[in-house]
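S.K.: Questions regarding the structure given below will be posed in turn.
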Amino acid sequence: MNAETLYGLCAASLVGLGLFGSIVDPQPLRKILSFNLLGGGVFLLFGIIARRGAVAGMGADPVPQAMVITGIVVAFSATALAVALVLRLFEATGDATLRSDAPPRPSNDEAGP
Amino acid sequence: MPPTVALSGGGVAGFLLVLAVILPAAGVVLSLAVGRCAERVALVLMPAGIGIALAIIAEVWRSGTPLVYLIGGWAPPLGIALRADGLSAIMLVTTALVICAVGLFARGGFSENVAGRETRKPLVFWTMLMGVWSALNAVWLGADLFNLYVALELLTFSAVPLVCLDGRAETLAAALRYLLFALVGSVLYLLGVALFYGAYGTLDIGLLASRVRPEPVVWIAAALMTAGLLAKTALFPLHLWLPPAHAGAPAAASAVLSALVVKGSFILVLRLWFDVLPGLPGVPAAQALGTLGAAAIVFGSVLALRQARLKLLIAYSTIAQIGYLFLVFPLATGAAAAGIWGSIAWTGGVYQLVSHAVAKAAMFMAAGLIGEALGHDRIAELGGIGRALPVTVFAFGLAGMSLMGLPPSGGFVAKLMLLTASVTEEQWWWAVVILLGGLLAAGYVFRVLAPALAATKTLTLQARVSRRREGAVLALAVCALLLGLLPLRPSQLLQIGRPAALVPAALVPAASAVIVR
């Protein structure tokens, strides 16, 4: 087994773990962590693709590497936004879980413009 | 994409595409800088945005070829192109129209001072509205799968704060659930993008279309991307996040979310199956998407019928109306793809996209006015509102006509085209669903109109509703009606820039006949 296959399998298991966690786990914070795991797997895959697509004289194909950087920025901002929402939710309710049994309903006083 | 085409469109007209994306984005930055004047910035930019969208559609129509702008002058695969075909041009105009109506509706709103304290609500609303606009335009114009990923993420990040503008616990939970769905969706999309790049070394839609072959990696990538995008589009059974998010947001925000934001990811599904993979036999996938769409129509409509709250009813109706969009896949791919009926189904699908956007925005804003005037939105207690707010209820009814598919409305033209295409292509089961969906839609619209128009005791309104805001709602509802005057045949404009394999010979625009993508 060469290094690329090994890292490919790593990426696949990260994606699998992340996907499982983000679907199955009901805790928002753990969902956010799972999303980051999933993202890590995808970024690793981009890294392998960059390595595999390297032309002679270069270590790697720079295009996927550029995409990984953009992807990391996006995933970082997404995580920040999600954590901020969890914190606000905790401030408002004293509880940071999403209960799905009671569907939220619009308030009586329509807060429209 | 052949470089000759790319170069021909890169002039002044091509720069319009950049303006369409950059102008609202500049509005966001400027709003953050000037703070309190965010509303004024947005309102100044809106006419400019409409002008740009109209200029682009005029240029695409005149030249008969897609408008292309190469960023920095670098041609794909190294560079990134912005590309406006017929579909993009129509979506640009629809977006500008809806955003402007929402802006007119929301003007002066959000600025109520709570106990003498200024809130950040107006700043957030207007900046995020500009953000949504910029991101949507980037989605309509993107010609590179990774660029589209970034645009899609910008769209989500702008849309989520709109859901929880008022900061109540329910809306915060709805926004969080929406964000979590959207994040997993977009990371799956990104995984598909990685697989495409690994297999073919490019992400430009045109180049990719010429390189893809029917092999496992393509199916896996396409399946991952489609699944991710469906979660963002809220197609049944991934719709759970939509009703609380869209019903809980303030009316102006709901209008944008329901009318436009869910369409962003839908357009990407269209691009993936019709532009990237046009030559591949995707019949089982198309039938599966159609089946999910049909289930969404029935399920969404039945749930809409059972809601006690007006805004939740409208949100569930969005789920049903999204279902219609997915009937395009079985009707315009496979054997029918290059036939005239395939093109009619394609045109019908896009008309449904536009007419639902306009009608649903009008409906949410009408519901917002009703809720504001009454202080609640319980359907059972709407009695007499028709007399108190005749213009608003009339607009609600007009928008409802489009959702039901009654003539003459945009929804009628769209649904009739899908219906005739399904009958002629001998896929009659979709026709049954379309008709059933129309009946159920009539049910839920009349469930609102019947109490609203009942002559009961005179109501005491909690708040006055300004003529201007009623006017904005009515104008949009009338637009939904006027869309019904569109001719019942495949649109020439919508064929511009489609892969040659999908355009019937009779419809090839004269000027683009030479271009082979």
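By convention in this document, the chains of the structure tokens carry letters A, B, ... by their order, each chain's residues are numbered from 1, and ligands are numbered from 1 in the order they are shown.
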Taking only C-alpha atoms into account, find every residue of chain B that has an atom no more than 8 Å from chain A, and write it out as an mmCIF file with N, CA and C atoms, in the first residue's frame.
M.R.:
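out27.cif written:
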```cif
data_model
loop_
_atom_site.group_PDB
_atom_site.id
_atom_site.type_symbol
_atom_site.label_atom_id
_atom_site.label_comp_id
_atom_site.auth_asym_id
_atom_site.auth_seq_id
_atom_site.Cartn_x
_atom_site.Cartn_y
_atom_site.Cartn_z
ATOM 1 N N ALA B 106 -39.815 46.713 3.365
ATOM 2 C CA ALA B 106 -39.166 46.776 4.677
ATOM 3 C C ALA B 106 -38.680 48.173 5.020
ATOM 4 N N GLY B 108 -38.039 51.536 6.422
ATOM 5 C CA GLY B 108 -38.558 52.162 7.633
ATOM 6 C C GLY B 108 -38.928 51.162 8.704
ATOM 7 N N GLY B 109 -38.988 49.882 8.346
ATOM 8 C CA GLY B 109 -39.248 48.871 9.362
ATOM 9 C C GLY B 109 -37.970 48.596 10.122
ATOM 10 N N PHE B 110 -38.012 47.756 11.091
ATOM 11 C CA PHE B 110 -36.844 47.318 11.863
ATOM 12 C C PHE B 110 -36.226 48.440 12.674
ATOM 13 N N PHE B 146 -16.037 25.144 -7.947
ATOM 14 C CA PHE B 146 -15.537 25.572 -6.644
ATOM 15 C C PHE B 146 -15.987 26.990 -6.317
ATOM 16 N N VAL B 150 -18.174 28.499 -3.035
ATOM 17 C CA VAL B 150 -17.962 29.695 -2.211
ATOM 18 C C VAL B 150 -19.213 30.565 -2.215
ATOM 19 N N GLU B 153 -21.834 29.132 0.047
ATOM 20 C CA GLU B 153 -21.557 29.352 1.462
ATOM 21 C C GLU B 153 -21.859 30.787 1.855
ATOM 22 N N PHE B 157 -24.382 31.926 4.818
ATOM 23 C CA PHE B 157 -23.972 32.800 5.926
ATOM 24 C C PHE B 157 -24.780 34.091 5.950
ATOM 25 N N ASP B 166 -34.870 38.507 15.167
ATOM 26 C CA ASP B 166 -35.478 39.036 16.388
ATOM 27 C C ASP B 166 -34.904 38.411 17.652
ATOM 28 N N ARG B 168 -35.364 35.684 19.291
ATOM 29 C CA ARG B 168 -36.126 34.838 20.198
ATOM 30 C C ARG B 168 -35.525 33.434 20.193
ATOM 31 N N ALA B 169 -35.757 32.692 21.279
ATOM 32 C CA ALA B 169 -35.130 31.371 21.407
ATOM 33 C C ALA B 169 -35.540 30.454 20.263
ATOM 34 N N GLU B 170 -36.843 30.480 19.877
ATOM 35 C CA GLU B 170 -37.284 29.576 18.801
ATOM 36 C C GLU B 170 -36.560 29.870 17.504
ATOM 37 N N THR B 171 -36.411 31.170 17.192
ATOM 38 C CA THR B 171 -35.780 31.486 15.915
ATOM 39 C C THR B 171 -34.292 31.172 15.960
ATOM 40 N N LEU B 172 -33.673 31.327 17.146
ATOM 41 C CA LEU B 172 -32.255 30.952 17.253
ATOM 42 C C LEU B 172 -32.091 29.459 17.000
ATOM 43 N N ALA B 173 -32.989 28.659 17.579
ATOM 44 C CA ALA B 173 -32.905 27.216 17.372
ATOM 45 C C ALA B 173 -33.144 26.886 15.893
ATOM 46 N N ALA B 174 -34.114 27.603 15.272
ATOM 47 C CA ALA B 174 -34.397 27.348 13.854
ATOM 48 C C ALA B 174 -33.188 27.696 12.999
ATOM 49 N N ALA B 175 -32.536 28.829 13.327
ATOM 50 C CA ALA B 175 -31.371 29.249 12.554
ATOM 51 C C ALA B 175 -30.237 28.249 12.709
ATOM 52 N N LEU B 176 -30.062 27.743 13.940
ATOM 53 C CA LEU B 176 -28.980 26.788 14.182
ATOM 54 C C LEU B 176 -29.240 25.494 13.410
ATOM 55 N N ARG B 177 -30.513 25.050 13.430
ATOM 56 C CA ARG B 177 -30.825 23.807 12.723
ATOM 57 C C ARG B 177 -30.593 23.999 11.213
ATOM 58 N N LEU B 179 -28.512 26.097 9.822
ATOM 59 C CA LEU B 179 -27.071 26.175 9.565
ATOM 60 C C LEU B 179 -26.450 24.782 9.567
ATOM 61 N N LEU B 180 -26.846 23.926 10.519
ATOM 62 C CA LEU B 180 -26.242 22.594 10.595
ATOM 63 C C LEU B 180 -26.580 21.767 9.356
ATOM 64 N N LEU B 183 -24.520 23.221 6.473
ATOM 65 C CA LEU B 183 -23.083 22.959 6.531
ATOM 66 C C LEU B 183 -22.766 21.553 6.049
ATOM 67 N N VAL B 184 -23.535 20.570 6.530
ATOM 68 C CA VAL B 184 -23.288 19.210 6.080
ATOM 69 C C VAL B 184 -23.544 19.127 4.569
ATOM 70 N N VAL B 187 -20.567 20.651 2.680
ATOM 71 C CA VAL B 187 -19.323 19.893 2.740
ATOM 72 C C VAL B 187 -19.434 18.637 1.858
ATOM 73 N N LEU B 190 -18.714 19.858 -1.502
ATOM 74 C CA LEU B 190 -17.277 20.072 -1.672
ATOM 75 C C LEU B 190 -16.557 18.752 -1.921
ATOM 76 N N LEU B 191 -17.017 17.694 -1.265
ATOM 77 C CA LEU B 191 -16.412 16.375 -1.468
ATOM 78 C C LEU B 191 -16.590 15.946 -2.926
ATOM 79 N N ALA B 194 -14.169 17.799 -5.033
ATOM 80 C CA ALA B 194 -12.822 17.235 -4.940
ATOM 81 C C ALA B 194 -12.691 16.022 -5.853
ATOM 82 N N TYR B 197 -12.418 17.118 -9.449
ATOM 83 C CA TYR B 197 -11.113 17.669 -9.777
ATOM 84 C C TYR B 197 -10.071 16.561 -9.854
ATOM 85 N N GLY B 198 -10.165 15.617 -8.924
ATOM 86 C CA GLY B 198 -9.201 14.518 -8.934
ATOM 87 C C GLY B 198 -9.294 13.687 -10.197
ATOM 88 N N PRO B 244 -39.751 25.864 10.474
ATOM 89 C CA PRO B 244 -39.492 26.789 11.576
ATOM 90 C C PRO B 244 -38.637 27.978 11.162
ATOM 91 N N ALA B 247 -40.870 30.317 8.814
ATOM 92 C CA ALA B 247 -42.042 30.880 9.474
ATOM 93 C C ALA B 247 -41.652 31.786 10.626
ATOM 94 N N GLY B 248 -40.497 31.533 11.226
ATOM 95 C CA GLY B 248 -40.110 32.315 12.385
ATOM 96 C C GLY B 248 -39.462 33.648 12.049
ATOM 97 N N ALA B 249 -38.916 33.751 10.827
ATOM 98 C CA ALA B 249 -38.227 34.984 10.450
ATOM 99 C C ALA B 249 -39.230 36.112 10.259
ATOM 100 N N PRO B 250 -38.780 37.369 10.377
ATOM 101 C CA PRO B 250 -39.665 38.489 10.053
ATOM 102 C C PRO B 250 -40.125 38.382 8.600
ATOM 103 N N ALA B 251 -41.318 38.934 8.299
ATOM 104 C CA ALA B 251 -41.929 38.694 6.986
ATOM 105 C C ALA B 251 -41.004 39.050 5.830
ATOM 106 N N ALA B 252 -40.316 40.187 5.920
ATOM 107 C CA ALA B 252 -39.472 40.600 4.800
ATOM 108 C C ALA B 252 -38.357 39.585 4.573
ATOM 109 N N ARG B 309 -51.280 28.086 11.828
ATOM 110 C CA ARG B 309 -50.676 29.410 11.698
ATOM 111 C C ARG B 309 -50.450 29.754 10.244
ATOM 112 N N LYS B 311 -48.183 31.737 8.749
ATOM 113 C CA LYS B 311 -46.826 31.704 8.192
ATOM 114 C C LYS B 311 -46.302 30.279 8.065
ATOM 115 N N LEU B 312 -46.708 29.392 8.981
ATOM 116 C CA LEU B 312 -46.285 27.997 8.847
ATOM 117 C C LEU B 312 -46.946 27.360 7.632
ATOM 118 N N GLY B 368 -47.214 38.917 6.506
ATOM 119 C CA GLY B 368 -46.570 39.784 7.487
ATOM 120 C C GLY B 368 -47.451 40.972 7.840
ATOM 121 N N LEU B 369 -48.068 41.584 6.815
ATOM 122 C CA LEU B 369 -48.945 42.735 7.070
ATOM 123 C C LEU B 369 -50.160 42.315 7.886
ATOM 124 N N GLY B 371 -50.371 39.755 9.917
ATOM 125 C CA GLY B 371 -49.939 39.452 11.276
ATOM 126 C C GLY B 371 -49.688 40.709 12.084
ATOM 127 N N GLU B 372 -49.135 41.717 11.403
ATOM 128 C CA GLU B 372 -48.846 42.961 12.107
ATOM 129 C C GLU B 372 -50.128 43.684 12.494
ATOM 130 N N GLY B 375 -51.873 41.357 15.146
ATOM 131 C CA GLY B 375 -51.114 41.004 16.332
ATOM 132 C C GLY B 375 -50.974 39.499 16.503
ATOM 133 N N HIS B 376 -51.502 38.720 15.557
ATOM 134 C CA HIS B 376 -51.312 37.273 15.597
ATOM 135 C C HIS B 376 -51.489 36.765 14.178
ATOM 136 N N ASP B 377 -51.200 35.477 13.933
ATOM 137 C CA ASP B 377 -51.481 34.952 12.593
ATOM 138 C C ASP B 377 -52.195 33.607 12.660
#
```
S.K.: I'd like the neighbourhood of segment 443-451 of chain B as a list of chain:residue names, where a residue qualifies if any of its atoms comes within 6 Å (using only C-alpha atoms), though same-chain residues fewer than 6 positions away should be ignored.
M.R.: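 In the requested format, the answer is B:Leu305, B:Leu382, B:Gly383, B:Gly400.
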S.K.: Go ahead and dump the residues you just picked, C-alpha atoms, as a PDB file, in the first residue's frame.
M.R.:
```
ATOM      1  CA  LEU B 305     -53.584  22.120   4.984  1.00  0.00           C
ATOM      2  CA  LEU B 382     -58.654  35.906  10.556  1.00  0.00           C
ATOM      3  CA  GLY B 383     -62.388  36.761  10.291  1.00  0.00           C
ATOM      4  CA  GLY B 400     -52.459  32.000  -4.134  1.00  0.00           C
TER       5      GLY B 400
END
```
S.K.: Can you tell me how far atom CA of Gly339 of chain B sits from atom CA of Leu145 of chain B, in Å to one decimal?
M.R.: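 We find that atom CA of Gly339 of chain B and atom CA of Leu145 of chain B lie 27.8 Å from each other.
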S.K.: Excluding segment 206-209 of chain B and its own-chain neighbours fewer than 3 positions away, which residues fall within 9 Å of it when counting only C-alpha atoms? Please give them as a list in words.
M.R.: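 Residues near the query, excluding close chain neighbours: Met1, Pro2, Pro76, Pro77, Ala143, Asp144, Phe196, Tyr200, Gly201, Thr202, Leu203, Val212, Arg213, Asp275, Val276, Leu277, Pro278, Gly279, Pro499 and Arg517 of chain B.
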S.K.: Would you mind exporting the chosen residues as an mmCIF file, in the first residue's frame, restricted to C-alpha atoms?
M.R.:
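New file out.cif:
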```
data_model
loop_
_atom_site.group_PDB
_atom_site.id
_atom_site.type_symbol
_atom_site.label_atom_id
_atom_site.label_comp_id
_atom_site.auth_asym_id
_atom_site.auth_seq_id
_atom_site.Cartn_x
_atom_site.Cartn_y
_atom_site.Cartn_z
ATOM 1 C CA MET B 1 -15.474 26.499 -23.447
ATOM 2 C CA PRO B 2 -13.633 27.455 -26.623
ATOM 3 C CA PRO B 76 -10.272 28.316 -17.738
ATOM 4 C CA PRO B 77 -8.957 25.845 -16.664
ATOM 5 C CA ALA B 143 -19.176 28.781 -14.200
ATOM 6 C CA ASP B 144 -16.731 26.991 -11.930
ATOM 7 C CA PHE B 196 -14.396 15.781 -9.964
ATOM 8 C CA TYR B 200 -10.636 15.334 -14.610
ATOM 9 C CA GLY B 201 -8.325 18.123 -13.438
ATOM 10 C CA THR B 202 -10.783 20.956 -14.039
ATOM 11 C CA LEU B 203 -13.834 22.470 -12.394
ATOM 12 C CA VAL B 212 -16.793 13.444 -18.132
ATOM 13 C CA ARG B 213 -17.351 9.803 -18.985
ATOM 14 C CA ASP B 275 -24.736 21.375 -17.853
ATOM 15 C CA VAL B 276 -22.027 19.123 -16.395
ATOM 16 C CA LEU B 277 -23.532 15.723 -17.126
ATOM 17 C CA PRO B 278 -25.801 16.338 -20.125
ATOM 18 C CA GLY B 279 -24.585 13.476 -22.270
ATOM 19 C CA PRO B 499 -25.378 22.341 -24.052
ATOM 20 C CA ARG B 517 -19.699 23.481 -26.307
#
```
S.K.: Extract the full set of alpha helix (DSSP H) residues from chain A according to DSSP on the backbone, and format it as a PyMOL selection string.
M.R.: chain A and resi 3-24+28-52+62-93
S.K.: Go through B:Leu453, B:Ala500, B:Ala285, B:Val34 one by one, measure the shortest atom-to-atom distance of each to Ser210 of chain B using only C-alpha atoms, and give the residue with the smallest value.
M.R.: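 Closest candidate: B:Ala500.
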S.K.: Identify which of the residues B:Met363, B:Val261, B:Leu476, B:Ala26 lies closest to Leu154 of chain B, counting only C-alpha atoms when measuring atom-to-atom distances.
M.R.: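 Among the listed residues, B:Val261 lies closest to Leu154 of chain B.
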S.K.: For the structure I just gave you, how does DSSP split segment 70-224 of chain B - specifically, which residues are strand (DSSP E)? Reply as a list in words.
M.R.: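 The strand (DSSP E) subset of segment 70-224 of chain B is Leu70, Ala81, Leu82, Arg83 and Ala84 of chain B.
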S.K.: Generate the output file for the selected residues, C-alpha atoms, as a compact mmCIF listing (two decimals), in the first residue's frame.
M.R.:
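Result written to result.txt:
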```txt
# COMPACT_ATOMS: atom_id res chain seq x y z
CA LEU B 70 -12.89 35.99 -17.58
CA ALA B 81 -15.20 32.57 -15.71
CA LEU B 82 -18.46 34.32 -14.94
CA ARG B 83 -21.06 33.29 -17.43
CA ALA B 84 -24.63 34.49 -18.01
```
S.K.: Mind pulling up the distance from atom CA of Gly437 of chain B to atom CA of Gln321 of chain B?
M.R.: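 Distance between the two atoms: 8.7 Å.
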S.K.: Restricting the calculation to only C-alpha atoms, which member of B:Gly342, B:Gly405, B:Gly228, B:Gly27 is positioned closest to Glu425 of chain B?
M.R.: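 So, comparing all the options, the nearest one is B:Gly342.
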S.K.: For atom CA of Met401 of chain B and atom CA of Thr424 of chain B, quote the distance in Å rounded to one decimal.
M.R.: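 Straight-line distance from atom CA of Met401 of chain B to atom CA of Thr424 of chain B works out to 25.3 Å.
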S.K.: Closest to Asp95 of chain A among A:Cys10, A:Leu29, A:Leu44, A:Gly59, using only C-alpha atoms?
M.R.: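 The shortest atom-to-atom distance to Asp95 of chain A comes from A:Leu29.
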S.K.: I'd like the contact shell of Val262 of chain B - 8 Å cut-off, only C-alpha atoms, skipping same-chain residues fewer than 6 positions apart - returned as a list of chain:residue names.
M.R.: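 After dropping sequence-adjacent residues, the list is B:Lys232, B:Thr233, B:Ala234.
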S.K.: Write a file of the selected residues as an mmCIF file, in the first residue's frame, keeping N, CA and C atoms.
M.R.:
```cif
data_model
loop_
_atom_site.group_PDB
_atom_site.id
_atom_site.type_symbol
_atom_site.label_atom_id
_atom_site.label_comp_id
_atom_site.auth_asym_id
_atom_site.auth_seq_id
_atom_site.Cartn_x
_atom_site.Cartn_y
_atom_site.Cartn_z
ATOM 1 N N LYS B 232 -29.841 21.518 1.219
ATOM 2 C CA LYS B 232 -29.936 22.982 1.235
ATOM 3 C C LYS B 232 -31.206 23.483 0.579
ATOM 4 N N THR B 233 -31.713 22.705 -0.409
ATOM 5 C CA THR B 233 -32.929 23.131 -1.101
ATOM 6 C C THR B 233 -34.168 22.742 -0.302
ATOM 7 N N ALA B 234 -34.008 21.900 0.732
ATOM 8 C CA ALA B 234 -35.138 21.442 1.550
ATOM 9 C C ALA B 234 -36.101 20.599 0.743
#
```
S.K.: Got a sec: who's within 10 Å of Ile99 of chain B, counting only C-alpha atoms, leaving out chain neighbours fewer than 3 positions off, as a short mmCIF file (atom, residue, chain, number, x, y, z; two decimals) with N, CA and C atoms, in the first residue's frame?
M.R.:
```
data_model
loop_
_atom_site.label_atom_id
_atom_site.label_comp_id
_atom_site.auth_asym_id
_atom_site.auth_seq_id
_atom_site.Cartn_x
_atom_site.Cartn_y
_atom_site.Cartn_z
N MET B 46 -30.58 49.46 -5.02
CA MET B 46 -31.58 48.61 -5.64
C MET B 46 -31.93 48.98 -7.08
N GLY B 49 -29.18 47.88 -9.25
CA GLY B 49 -29.17 46.43 -9.43
C GLY B 49 -30.17 45.99 -10.48
N ILE B 50 -31.37 46.58 -10.45
CA ILE B 50 -32.38 46.25 -11.47
C ILE B 50 -31.86 46.62 -12.85
N VAL B 93 -32.83 38.84 -13.13
CA VAL B 93 -33.93 39.81 -13.13
C VAL B 93 -34.93 39.49 -12.03
N THR B 94 -35.25 38.19 -11.86
CA THR B 94 -36.19 37.81 -10.80
C THR B 94 -35.66 38.24 -9.44
N THR B 95 -34.38 37.97 -9.20
CA THR B 95 -33.78 38.32 -7.92
C THR B 95 -33.88 39.81 -7.67
N ALA B 96 -33.50 40.60 -8.69
CA ALA B 96 -33.52 42.05 -8.52
C ALA B 96 -34.94 42.52 -8.21
N VAL B 102 -39.00 43.65 -1.71
CA VAL B 102 -38.80 43.44 -0.28
C VAL B 102 -38.21 44.70 0.37
N GLY B 103 -37.28 45.35 -0.35
CA GLY B 103 -36.69 46.57 0.17
C GLY B 103 -37.74 47.65 0.38
N LEU B 104 -38.64 47.77 -0.61
CA LEU B 104 -39.72 48.76 -0.53
C LEU B 104 -40.63 48.45 0.65
N PHE B 105 -40.88 47.15 0.83
CA PHE B 105 -41.76 46.68 1.90
C PHE B 105 -41.14 46.95 3.26
N LEU B 129 -29.36 41.45 3.61
CA LEU B 129 -30.13 41.45 2.36
C LEU B 129 -29.19 41.68 1.17
N MET B 130 -28.28 42.64 1.33
CA MET B 130 -27.29 42.88 0.27
C MET B 130 -26.40 41.65 0.09
N VAL B 132 -27.16 38.50 0.67
CA VAL B 132 -27.92 37.46 -0.04
C VAL B 132 -27.96 37.78 -1.53
N TRP B 133 -28.16 39.05 -1.85
CA TRP B 133 -28.28 39.46 -3.25
C TRP B 133 -26.97 39.17 -3.99
N ALA B 252 -40.32 40.19 5.92
CA ALA B 252 -39.47 40.60 4.80
C ALA B 252 -38.36 39.59 4.57
N ALA B 255 -39.71 36.31 3.05
CA ALA B 255 -39.97 36.44 1.62
C ALA B 255 -38.70 36.14 0.83
N VAL B 256 -37.58 36.71 1.26
CA VAL B 256 -36.33 36.48 0.53
C VAL B 256 -35.90 35.02 0.67
N ALA B 259 -38.46 32.74 -1.30
CA ALA B 259 -38.57 33.00 -2.74
C ALA B 259 -37.25 32.74 -3.44
N LEU B 260 -36.14 33.10 -2.82
CA LEU B 260 -34.88 33.11 -3.55
C LEU B 260 -33.82 32.17 -3.00
N ALA B 361 -42.95 35.41 -2.42
CA ALA B 361 -42.52 36.64 -1.74
C ALA B 361 -43.73 37.50 -1.42
#
```
S.K.: Within 7 Å of Phe236 of chain B, counting only C-alpha atoms, which residues qualify if same-chain residues fewer than 6 places away don't, as a list in words?
M.R.: Leu292, Ala295 and Ala296 of chain B
